[in-house]
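Structure file final.txt (compact mmCIF, C-alpha atoms (C1' of nucleotides)) follows.
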# COMPACT_ATOMS: atom_id res chain seq x y z
CA MET A 1 -55.62 -57.84 12.24
CA SER A 2 -54.96 -58.95 15.76
CA LYS A 3 -55.86 -62.59 15.46
CA GLU A 4 -54.09 -63.86 12.37
CA LYS A 5 -50.96 -61.75 12.39
CA ARG A 6 -48.98 -63.69 14.94
CA THR A 7 -46.49 -65.24 12.60
CA LEU A 8 -44.23 -63.24 10.36
CA TRP A 9 -43.99 -63.93 6.69
CA PRO A 10 -40.54 -64.90 5.51
CA SER A 11 -40.17 -61.54 3.86
CA GLU A 12 -41.06 -59.81 7.09
CA ALA A 13 -38.75 -61.96 9.13
CA ALA A 14 -35.92 -61.32 6.71
CA VAL A 15 -36.40 -57.57 6.64
CA SER A 16 -36.71 -57.25 10.37
CA ASP A 17 -33.57 -59.25 10.75
CA VAL A 18 -31.49 -57.04 8.43
CA VAL A 19 -32.93 -53.80 9.64
CA GLY A 20 -32.41 -54.94 13.19
CA ARG A 21 -28.78 -55.57 12.44
CA LEU A 22 -28.34 -52.30 10.60
CA MET A 23 -29.88 -50.38 13.44
CA GLU A 24 -27.73 -52.16 15.93
CA PHE A 25 -24.75 -51.28 13.80
CA TRP A 26 -25.97 -47.72 13.88
CA GLY A 27 -25.97 -47.72 17.65
CA PHE A 28 -29.60 -48.49 18.34
CA LYS A 29 -31.08 -51.53 19.91
CA ARG A 30 -31.71 -54.38 17.60
CA ASN A 31 -35.31 -54.60 18.65
CA MET A 32 -35.89 -51.06 17.54
CA GLY A 33 -35.12 -52.13 14.03
CA ARG A 34 -37.15 -55.28 14.29
CA ILE A 35 -40.22 -53.54 15.57
CA TRP A 36 -39.96 -50.75 13.09
CA SER A 37 -39.66 -53.24 10.26
CA VAL A 38 -42.74 -55.17 11.23
CA LEU A 39 -44.71 -51.95 11.38
CA TYR A 40 -43.22 -50.73 8.14
CA LEU A 41 -44.32 -53.82 6.29
CA SER A 42 -47.74 -53.95 7.87
CA HIS A 43 -50.76 -52.75 5.94
CA ALA A 44 -52.45 -51.67 9.15
CA PRO A 45 -51.26 -50.27 12.44
CA LEU A 46 -50.38 -52.87 15.05
CA SER A 47 -50.86 -53.00 18.78
CA ALA A 48 -48.13 -53.61 21.31
CA GLU A 49 -49.48 -57.07 21.78
CA ASP A 50 -49.33 -57.86 18.07
CA LEU A 51 -45.69 -56.93 18.15
CA ARG A 52 -45.05 -58.86 21.31
CA LEU A 53 -46.46 -61.99 19.77
CA SER A 54 -44.95 -61.73 16.34
CA LEU A 55 -41.49 -60.93 17.63
CA LYS A 56 -41.67 -62.99 20.80
CA LEU A 57 -40.71 -60.20 23.11
CA SER A 58 -41.77 -59.41 26.63
CA SER A 59 -44.39 -56.76 27.15
CA GLY A 60 -41.80 -54.64 28.91
CA ALA A 61 -39.42 -54.75 26.01
CA VAL A 62 -42.15 -53.81 23.56
CA SER A 63 -43.26 -50.92 25.67
CA MET A 64 -39.80 -49.55 26.19
CA THR A 65 -38.75 -50.01 22.63
CA LEU A 66 -41.88 -48.42 21.23
CA ASN A 67 -41.39 -45.41 23.41
CA GLU A 68 -37.86 -45.07 22.25
CA LEU A 69 -39.01 -45.28 18.65
CA LEU A 70 -41.67 -42.68 19.35
CA ARG A 71 -39.06 -40.39 20.86
CA TRP A 72 -36.97 -40.69 17.72
CA GLY A 73 -40.01 -39.96 15.60
CA ILE A 74 -39.56 -43.24 13.81
CA VAL A 75 -42.92 -44.63 14.80
CA ARG A 76 -46.17 -42.88 15.64
CA LYS A 77 -49.28 -43.72 17.57
CA VAL A 78 -52.46 -44.16 15.63
CA TRP A 79 -56.03 -44.13 16.81
CA VAL A 80 -58.06 -47.09 15.74
CA GLN A 81 -61.77 -46.56 16.01
CA GLY A 82 -63.48 -48.63 18.65
CA GLU A 83 -60.21 -49.97 19.98
CA ARG A 84 -59.08 -49.27 23.43
CA LYS A 85 -55.43 -50.05 23.10
CA ASP A 86 -52.94 -47.95 21.25
CA PHE A 87 -51.85 -48.80 17.77
CA TYR A 88 -48.59 -47.96 16.15
CA ALA A 89 -47.46 -47.23 12.62
CA ALA A 90 -44.00 -46.82 11.17
CA GLU A 91 -42.69 -43.60 9.73
CA VAL A 92 -42.54 -44.53 6.07
CA GLN A 93 -40.59 -41.56 4.81
CA LEU A 94 -37.18 -43.04 5.08
CA TRP A 95 -35.21 -39.88 4.36
CA ARG A 96 -37.21 -37.97 6.90
CA MET A 97 -36.53 -40.61 9.48
CA ILE A 98 -32.83 -40.59 8.78
CA SER A 99 -32.55 -36.86 8.78
CA ARG A 100 -34.30 -36.71 12.09
CA VAL A 101 -31.93 -39.19 13.61
CA LEU A 102 -28.93 -37.47 12.13
CA SER A 103 -29.93 -34.06 13.36
CA GLU A 104 -30.82 -35.38 16.75
CA ARG A 105 -27.53 -37.18 17.08
CA GLU A 106 -25.25 -34.53 15.74
CA ARG A 107 -26.62 -32.11 18.24
CA THR A 108 -25.42 -34.22 21.12
CA GLU A 109 -22.39 -35.93 19.68
CA ILE A 110 -20.71 -33.61 17.25
CA LEU A 111 -21.49 -30.46 19.15
CA SER A 112 -20.02 -31.84 22.31
CA ALA A 113 -16.99 -33.03 20.40
CA VAL A 114 -16.48 -29.58 18.93
CA GLU A 115 -16.66 -28.07 22.36
CA ALA A 116 -14.24 -30.56 23.82
CA PHE A 117 -11.78 -30.02 20.99
CA GLU A 118 -11.97 -26.31 21.53
CA ASP A 119 -11.19 -26.78 25.19
CA ALA A 120 -8.30 -29.04 24.42
CA LEU A 121 -7.02 -26.53 21.91
CA ALA A 122 -7.08 -23.81 24.51
CA GLN A 123 -5.20 -26.01 26.91
CA ALA A 124 -2.54 -26.75 24.36
CA LYS A 125 -2.24 -23.10 23.50
CA ALA A 126 -1.58 -22.32 27.12
CA LEU A 127 1.67 -24.26 26.85
CA ARG A 128 2.79 -22.41 23.79
CA HIS A 129 4.98 -20.10 25.79
CA SER A 130 6.44 -22.58 28.20
CA THR A 131 10.05 -22.01 29.17
CA ASP A 132 10.94 -25.53 28.13
CA PRO A 133 11.59 -25.67 24.38
CA GLU A 134 10.61 -29.30 24.21
CA THR A 135 7.27 -28.50 25.74
CA ARG A 136 6.78 -25.65 23.32
CA GLU A 137 7.50 -27.90 20.40
CA ARG A 138 5.06 -30.51 21.56
CA ALA A 139 2.44 -27.88 22.19
CA GLU A 140 2.79 -26.54 18.66
CA LEU A 141 2.29 -29.96 17.18
CA GLN A 142 -0.74 -30.63 19.28
CA ILE A 143 -2.26 -27.31 18.39
CA GLU A 144 -1.95 -28.14 14.71
CA ARG A 145 -3.44 -31.56 15.14
CA ILE A 146 -6.28 -30.56 17.36
CA LYS A 147 -7.14 -27.88 14.84
CA MET A 148 -7.52 -30.57 12.23
CA LEU A 149 -9.85 -32.55 14.43
CA LEU A 150 -11.86 -29.47 15.14
CA GLU A 151 -12.14 -28.67 11.49
CA LEU A 152 -13.22 -32.18 10.73
CA ALA A 153 -15.86 -32.13 13.41
CA LYS A 154 -17.21 -28.83 12.15
CA LEU A 155 -17.23 -30.16 8.64
CA GLY A 156 -19.21 -33.15 9.81
CA LYS A 157 -21.66 -30.85 11.47
CA ARG A 158 -22.07 -28.84 8.32
CA LEU A 159 -22.56 -31.94 6.26
CA ILE A 160 -25.33 -33.11 8.52
CA ASP A 161 -26.92 -29.69 8.64
CA THR A 162 -26.92 -29.51 4.89
CA PHE A 163 -28.39 -32.92 4.58
CA VAL A 164 -31.09 -32.22 7.10
CA ALA A 165 -31.97 -28.91 5.52
CA THR A 166 -32.23 -30.52 2.12
CA ALA A 167 -34.37 -33.29 3.49
CA LYS A 168 -36.79 -30.80 4.94
CA ILE A 169 -37.72 -29.11 1.72
CA ASP A 170 -37.43 -31.84 -0.80
CA ALA A 171 -39.47 -34.98 -1.26
CA GLU A 172 -36.61 -37.08 -2.58
CA PRO A 173 -33.59 -35.28 -1.29
CA LEU A 174 -31.38 -38.25 -0.93
CA ALA A 175 -31.36 -38.92 -4.60
CA ARG A 176 -30.66 -35.33 -5.51
CA PHE A 177 -28.11 -35.00 -2.84
CA LEU A 178 -26.21 -37.86 -4.24
CA LEU A 179 -26.71 -37.35 -7.91
CA ARG A 180 -25.11 -33.99 -7.72
CA HIS A 181 -21.87 -35.87 -7.52
CA SER A 182 -19.85 -37.72 -10.07
CA PRO A 183 -21.13 -41.19 -10.89
CA PRO A 184 -20.07 -44.05 -8.66
CA PRO A 185 -16.67 -45.50 -9.51
CA SER A 186 -17.13 -49.24 -9.27
CA SER A 187 -20.00 -51.49 -8.45
CA MET B 1 10.51 -40.52 24.84
CA SER B 2 9.86 -43.56 26.90
CA LYS B 3 10.79 -42.25 30.28
CA GLU B 4 9.00 -38.96 30.66
CA LYS B 5 5.87 -39.58 28.65
CA ARG B 6 3.93 -41.52 31.24
CA THR B 7 1.42 -38.87 32.14
CA LEU B 8 -0.87 -37.29 29.62
CA TRP B 9 -1.13 -33.57 29.25
CA PRO B 10 -4.60 -32.20 29.89
CA SER B 11 -5.01 -31.57 26.19
CA GLU B 12 -4.07 -35.15 25.43
CA ALA B 13 -6.37 -36.52 28.07
CA ALA B 14 -9.21 -34.40 26.79
CA VAL B 15 -8.74 -35.37 23.17
CA SER B 16 -8.41 -39.04 23.89
CA ASP B 17 -11.54 -38.88 25.93
CA VAL B 18 -13.63 -37.28 23.17
CA VAL B 19 -12.20 -39.33 20.40
CA GLY B 20 -12.69 -42.43 22.48
CA ARG B 21 -16.32 -41.56 22.88
CA LEU B 22 -16.77 -40.71 19.24
CA MET B 23 -15.21 -43.96 18.17
CA GLU B 24 -17.35 -45.88 20.59
CA PHE B 25 -20.33 -44.09 19.15
CA TRP B 26 -19.12 -45.15 15.75
CA GLY B 27 -19.09 -48.76 16.80
CA PHE B 28 -15.48 -49.18 17.72
CA LYS B 29 -13.98 -49.86 21.06
CA ARG B 30 -13.35 -46.83 23.15
CA ASN B 31 -9.72 -47.75 23.64
CA MET B 32 -9.16 -47.65 19.93
CA GLY B 33 -9.97 -43.99 19.98
CA ARG B 34 -7.94 -43.35 23.07
CA ILE B 35 -4.84 -45.03 21.75
CA TRP B 36 -5.13 -43.42 18.37
CA SER B 37 -5.46 -40.02 20.00
CA VAL B 38 -2.38 -40.38 22.10
CA LEU B 39 -0.41 -41.40 19.05
CA TYR B 40 -1.93 -38.64 16.98
CA LEU B 41 -0.85 -36.00 19.43
CA SER B 42 2.59 -37.42 19.98
CA HIS B 43 5.58 -35.86 18.28
CA ALA B 44 7.30 -39.23 18.12
CA PRO B 45 6.13 -42.80 17.68
CA LEU B 46 5.29 -44.58 20.91
CA SER B 47 5.81 -48.13 22.07
CA ALA B 48 3.13 -50.42 23.37
CA GLU B 49 4.49 -49.89 26.82
CA ASP B 50 4.29 -46.12 26.55
CA LEU B 51 0.64 -46.50 25.70
CA ARG B 52 0.06 -49.01 28.43
CA LEU B 53 1.45 -46.64 31.01
CA SER B 54 -0.11 -43.44 29.84
CA LEU B 55 -3.55 -44.94 29.42
CA LYS B 56 -3.33 -47.42 32.28
CA LEU B 57 -4.26 -50.41 30.23
CA SER B 58 -3.12 -53.99 30.44
CA SER B 59 -0.50 -55.20 28.01
CA GLY B 60 -3.07 -57.50 26.47
CA ALA B 61 -5.51 -54.73 25.80
CA VAL B 62 -2.83 -52.60 24.22
CA SER B 63 -1.67 -55.40 22.01
CA MET B 64 -5.14 -56.33 20.85
CA THR B 65 -6.25 -52.78 20.32
CA LEU B 66 -3.13 -51.85 18.39
CA ASN B 67 -3.61 -54.79 16.11
CA GLU B 68 -7.15 -53.81 15.48
CA LEU B 69 -6.04 -50.29 14.67
CA LEU B 70 -3.38 -51.66 12.35
CA ARG B 71 -5.96 -53.77 10.60
CA TRP B 72 -8.09 -50.70 10.00
CA GLY B 73 -5.07 -48.83 8.70
CA ILE B 74 -5.55 -46.19 11.36
CA VAL B 75 -2.18 -46.73 12.95
CA ARG B 76 1.07 -47.98 11.49
CA LYS B 77 4.20 -49.57 12.82
CA VAL B 78 7.34 -47.55 12.69
CA TRP B 79 10.95 -48.65 12.98
CA VAL B 80 12.96 -46.75 15.48
CA GLN B 81 16.68 -47.08 15.03
CA GLY B 82 18.42 -48.96 17.74
CA GLU B 83 15.19 -49.92 19.44
CA ARG B 84 14.11 -53.46 19.76
CA LYS B 85 10.47 -53.00 20.42
CA ASP B 86 7.92 -51.88 17.91
CA PHE B 87 6.80 -48.31 17.76
CA TYR B 88 3.50 -47.03 16.51
CA ALA B 89 2.33 -43.86 14.84
CA ALA B 90 -1.14 -42.62 14.04
CA GLU B 91 -2.46 -42.15 10.56
CA VAL B 92 -2.67 -38.38 10.45
CA GLN B 93 -4.63 -38.02 7.24
CA LEU B 94 -8.04 -37.90 8.75
CA TRP B 95 -10.02 -38.11 5.54
CA ARG B 96 -8.01 -41.07 4.40
CA MET B 97 -8.65 -42.82 7.65
CA ILE B 98 -12.35 -42.19 7.44
CA SER B 99 -12.66 -43.23 3.87
CA ARG B 100 -10.87 -46.44 4.64
CA VAL B 101 -13.22 -47.23 7.46
CA LEU B 102 -16.24 -46.32 5.42
CA SER B 103 -15.26 -48.42 2.47
CA GLU B 104 -14.33 -51.30 4.69
CA ARG B 105 -17.60 -51.17 6.51
CA GLU B 106 -19.94 -50.61 3.66
CA ARG B 107 -18.55 -53.67 1.99
CA THR B 108 -19.71 -55.86 4.82
CA GLU B 109 -22.76 -54.02 6.09
CA ILE B 110 -24.46 -52.35 3.19
CA LEU B 111 -23.69 -55.06 0.70
CA SER B 112 -25.14 -57.71 2.92
CA ALA B 113 -28.17 -55.56 3.54
CA VAL B 114 -28.73 -55.12 -0.18
CA GLU B 115 -28.54 -58.82 -0.66
CA ALA B 116 -30.93 -59.53 2.15
CA PHE B 117 -33.41 -56.96 0.88
CA GLU B 118 -33.25 -58.53 -2.54
CA ASP B 119 -34.01 -61.91 -1.07
CA ALA B 120 -36.89 -60.53 0.92
CA LEU B 121 -38.20 -58.82 -2.17
CA ALA B 122 -38.16 -62.08 -4.06
CA GLN B 123 -40.01 -63.77 -1.27
CA ALA B 124 -42.67 -61.11 -1.25
CA LYS B 125 -43.02 -61.31 -4.99
CA ALA B 126 -43.66 -65.00 -4.73
CA LEU B 127 -46.89 -64.22 -2.90
CA ARG B 128 -48.05 -61.78 -5.53
CA HIS B 129 -50.25 -64.34 -7.18
CA SER B 130 -51.69 -65.99 -4.13
CA THR B 131 -55.30 -67.08 -4.37
CA ASP B 132 -56.16 -65.11 -1.27
CA PRO B 133 -56.82 -61.46 -2.17
CA GLU B 134 -55.80 -60.30 1.26
CA THR B 135 -52.46 -61.99 0.91
CA ARG B 136 -52.02 -60.44 -2.51
CA GLU B 137 -52.72 -57.01 -1.15
CA ARG B 138 -50.25 -57.38 1.64
CA ALA B 139 -47.65 -58.74 -0.72
CA GLU B 140 -48.03 -55.71 -2.98
CA LEU B 141 -47.51 -53.34 -0.11
CA GLN B 142 -44.47 -55.18 1.08
CA ILE B 143 -42.98 -55.22 -2.36
CA GLU B 144 -43.28 -51.47 -2.58
CA ARG B 145 -41.77 -50.92 0.80
CA ILE B 146 -38.93 -53.33 0.43
CA LYS B 147 -38.11 -51.66 -2.85
CA MET B 148 -37.72 -48.41 -1.00
CA LEU B 149 -35.36 -49.96 1.48
CA LEU B 150 -33.36 -51.51 -1.29
CA GLU B 151 -33.12 -48.21 -3.09
CA LEU B 152 -32.00 -46.50 0.07
CA ALA B 153 -29.34 -49.09 0.73
CA LYS B 154 -28.03 -48.79 -2.78
CA LEU B 155 -28.01 -45.05 -2.49
CA GLY B 156 -25.99 -45.34 0.68
CA LYS B 157 -23.56 -47.57 -1.07
CA ARG B 158 -23.17 -45.09 -3.89
CA LEU B 159 -22.66 -42.25 -1.48
CA ILE B 160 -19.88 -44.10 0.24
CA ASP B 161 -18.32 -45.15 -3.04
CA THR B 162 -18.34 -41.59 -4.25
CA PHE B 163 -16.83 -40.34 -1.07
CA VAL B 164 -14.12 -42.93 -1.05
CA ALA B 165 -13.28 -42.33 -4.68
CA THR B 166 -13.04 -38.61 -4.07
CA ALA B 167 -10.88 -39.12 -1.04
CA LYS B 168 -8.46 -41.22 -3.04
CA ILE B 169 -7.56 -38.58 -5.58
CA ASP B 170 -7.84 -35.40 -3.63
CA ALA B 171 -5.81 -34.08 -0.74
CA GLU B 172 -8.65 -32.23 0.92
CA PRO B 173 -11.66 -33.97 -0.46
CA LEU B 174 -13.86 -33.53 2.51
CA ALA B 175 -13.92 -29.81 2.15
CA ARG B 176 -14.63 -29.93 -1.55
CA PHE B 177 -17.17 -32.60 -1.11
CA LEU B 178 -19.07 -30.45 1.26
CA LEU B 179 -18.58 -27.07 -0.25
CA ARG B 180 -20.22 -28.18 -3.41
CA HIS B 181 -23.45 -27.88 -1.52
CA SER B 182 -25.46 -24.95 -0.40
CA PRO B 183 -24.14 -23.16 2.68
CA PRO B 184 -25.16 -24.51 6.07
CA PRO B 185 -28.59 -23.39 7.25
CA SER B 186 -28.07 -22.56 10.88
CA SER B 187 -25.15 -22.65 13.21
C1' DA C 1 22.12 -72.36 22.24
C1' DT C 2 20.49 -69.63 25.92
C1' DA C 3 18.96 -65.58 27.77
C1' DT C 4 16.48 -61.43 27.38
C1' DT C 5 13.01 -58.58 25.81
C1' DC C 6 8.82 -57.88 23.65
C1' DT C 7 4.29 -59.47 21.75
C1' DT C 8 0.34 -62.27 21.51
C1' DT C 9 -3.11 -65.27 23.21
C1' DC C 10 -6.88 -66.63 25.90
C1' DA C 11 -9.59 -68.17 29.94
C1' DA C 12 -11.48 -65.94 33.62
C1' DA C 13 -13.06 -61.60 35.66
C1' DT C 14 -15.57 -57.20 34.93
C1' DA C 15 -18.39 -54.17 33.00
C1' DT C 16 -22.13 -52.95 30.11
C1' DT C 17 -26.25 -53.57 27.70
C1' DT C 18 -30.56 -55.57 26.98
C1' DC C 19 -34.52 -58.37 28.31
C1' DT C 20 -37.96 -60.46 31.33
C1' DG C 21 -41.98 -60.64 34.02
C1' DA C 22 -44.57 -59.38 37.75
C1' DA C 23 -46.25 -55.47 40.20
C1' DA C 24 -47.75 -50.73 40.00
C1' DA C 25 -49.77 -47.14 37.57
C1' DA C 26 -52.58 -45.31 34.27
C1' DT C 27 -56.62 -45.32 31.36
C1' DG C 28 -60.88 -46.08 30.06
C1' DT C 29 -65.89 -48.42 31.05
C1' DA C 30 -70.05 -49.33 33.42
C1' DT D 1 -66.89 -45.93 42.58
C1' DA D 2 -65.46 -50.41 41.25
C1' DC D 3 -63.84 -53.06 37.43
C1' DA D 4 -61.36 -54.44 33.41
C1' DT D 5 -57.80 -53.56 30.27
C1' DT D 6 -53.51 -51.63 28.73
C1' DT D 7 -49.13 -49.53 29.58
C1' DT D 8 -45.11 -48.53 32.21
C1' DT D 9 -41.63 -49.38 35.48
C1' DC D 10 -37.87 -51.61 37.42
C1' DA D 11 -35.12 -55.11 40.00
C1' DG D 12 -33.06 -59.05 38.82
C1' DA D 13 -31.62 -62.36 34.99
C1' DA D 14 -29.39 -63.14 30.78
C1' DA D 15 -26.66 -62.01 27.08
C1' DT D 16 -22.68 -59.29 25.19
C1' DA D 17 -18.66 -56.88 25.16
C1' DT D 18 -14.36 -55.62 27.07
C1' DT D 19 -10.29 -56.06 29.98
C1' DT D 20 -6.99 -58.32 32.72
C1' DG D 21 -2.88 -60.86 33.65
C1' DA D 22 -0.29 -64.74 33.39
C1' DA D 23 1.63 -68.01 30.36
C1' DA D 24 3.10 -69.19 25.76
C1' DG D 25 5.33 -67.66 21.70
C1' DA D 26 8.60 -64.77 18.81
C1' DA D 27 12.37 -62.20 17.90
C1' DT D 28 16.90 -60.59 18.74
C1' DA D 29 21.18 -60.36 21.14
C1' DT D 30 25.19 -62.63 23.38
Please go through the file and, once you have read it, give me the structure as structure tokens.
Amino acid sequence: MSKEKRTLWPSEAAVSDVVGRLMEFWGFKRNMGRIWSVLYLSHAPLSAEDLRLSLKLSSGAVSMTLNELLRWGIVRKVWVQGERKDFYAAEVQLWRMISRVLSERERTEILSAVEAFEDALAQAKALRHSTDPETRERAELQIERIKMLLELAKLGKRLIDTFVATAKIDAEPLARFLLRHSPPPSS
Amino acid sequence: MSKEKRTLWPSEAAVSDVVGRLMEFWGFKRNMGRIWSVLYLSHAPLSAEDLRLSLKLSSGAVSMTLNELLRWGIVRKVWVQGERKDFYAAEVQLWRMISRVLSERERTEILSAVEAFEDALAQAKALRHSTDPETRERAELQIERIKMLLELAKLGKRLIDTFVATAKIDAEPLARFLLRHSPPPSS
DNA sequence: ATATTCTTTCAAATATTTCTGAAAAATGTA
DNA sequence: TACATTTTTCAGAAATATTTGAAAGAATAT
């Protein structure tokens, strides 16, 4: 599998292109998506060099990107008997992959947003009893609005938590998750 | 409101910082979030110049960013009697704002992904009857996997559609949407 | 019509992100 | 230990994204 597989099939090229774009859109590096895709569509684990050749990347880029993918739990290392180099395989459970990313991200992003909103709220509340009526009025408005943001952020957190929890126990949670809702409006 | 309001309150600075980061995280420009925040926390509409001064941006940046925000329906223009310049106000219905962005984005991103996956699937299917057994085997695997991706993309589309539809008819759809699910696992 | 004020545009400047490739480090082999 | 292979690191290069500021363009008032 390390001699022939140096050129991507059209289907592989197409998928790695879209997934690369989607991942980029999602805030990852495009190459993360491209590498994952090639692994995902491969019938056997691939080495860093396989990936380097089929995607025309530098060895450094492959190494760094693979490690990032490993950190996200989106790709894993695989032992191949008799081979010295490492081989890599894609996480094929899509929902698991997504839930991992979501939970990983919400921890850093949403939680820090919640904290920051709480701080801002406290700061606005401090002005509630200003002697200047204009200041008081503005403070009141800001308190209301920041509360909304805070609520929204917490709601987002809960949504992610729920999703992640569902994904953990259920083999096809995405479908269930969705189908619990009214049917889609238009197509 | 155009003379005094040149320095942000700490609460305003804090919120525009977080929201700026969140929006950047979400794939928008940081200044979109910052400008929106200042407007959102303002008790009166602000002019481009107000924003330029309080956020220390160039006039060009303010103009471009405001237009982008207008295009997303996240900010609207407001007439102020007796004033010549335009004034701007933030969309305060958060869920409406989000649903608009979601529906706008899914149209371009998810739909194009679905299409691309379908193409890739067709390409893989074309190899199903290759004379080479190895090729056939690989084609079968790819077909299975691409199908999963396609399903996932369609599911995502449906999720967004459902959300957007809910948001359209309901004043606090986010809450309902969420609360229909089991309570959050951890905090 | 002309002046004044405000908004937009856009090429150049900055800033940020991502990639390359060669050297260093690590890992295994004899 | 010495050697061969594989992986990682990282400074600089390249590619992208964002911002500036000045000039052009609109809009309104006189």
List as CSV every residue of chain C that is in contact with chain A, defined as an atom at most 8 Å from one of its atoms (using only C-alpha atoms (C1' of nucleotides)), together with the nearest atom pair and the distance in Å rounded to one decimal, sorted by chain and then rising number.
residue,atom,partner,partner_atom,distance
C:DC19,C1',A:Ala61,CA,6.5
C:DT20,C1',A:Ser58,CA,6.1
C:DG21,C1',A:Ser58,CA,7.5
C:DG28,C1',A:Arg84,CA,7.6
d(atom CA of Thr166 of chain B, atom CA of Lys154 of chain B) in Å:
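Result for atom CA of Thr166 of chain B versus atom CA of Lys154 of chain B: 18.2 Å, one decimal.
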Measuring atom to atom with all atoms listed in the file, identify which of A:Gly73, A:Gly82, A:Pro45, A:Gly27 is nearest to chain B.
A:Gly27
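Near chain B, counting all atoms listed in the file at 6 Å, the chain A residues are Ser11, Ala14, Leu41, Ala120, Gln123, Ala124, Gln142, Arg158, Thr162 and Pro184 of chain A.
The closest residue to chain D, picked from A:Leu39, A:Met23, A:Val80, A:Leu66 and counting all atoms listed in the file, is A:Leu66.
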Leaving out DA17 of chain D and any residue of its chain fewer than 6 positions from it, which residues lie within 9 Å of it when counting only C-alpha atoms (C1' of nucleotides), given as an mmCIF file with C-alpha atoms (C1' of nucleotides), keeping the file's coordinate frame?
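To be explicit, this is the file written out as result-v7.cif:
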data_model
loop_
_atom_site.group_PDB
_atom_site.id
_atom_site.type_symbol
_atom_site.label_atom_id
_atom_site.label_comp_id
_atom_site.auth_asym_id
_atom_site.auth_seq_id
_atom_site.Cartn_x
_atom_site.Cartn_y
_atom_site.Cartn_z
ATOM 1 C "C1'" DA C 15 -18.390 -54.170 33.000
ATOM 2 C "C1'" DT C 16 -22.130 -52.950 30.110
ATOM 3 C "C1'" DT C 17 -26.250 -53.570 27.700
#
Near chain A, meaning an atom within 10 Å, which residues of chain D appear when counting all atoms listed in the file? Write them as a PyMOL selection string.
chain D and resi 5-10
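Reported to one decimal place, the separation of atom CA of Ser16 of chain A from atom CA of Lys56 of chain A is 12.9 Å.
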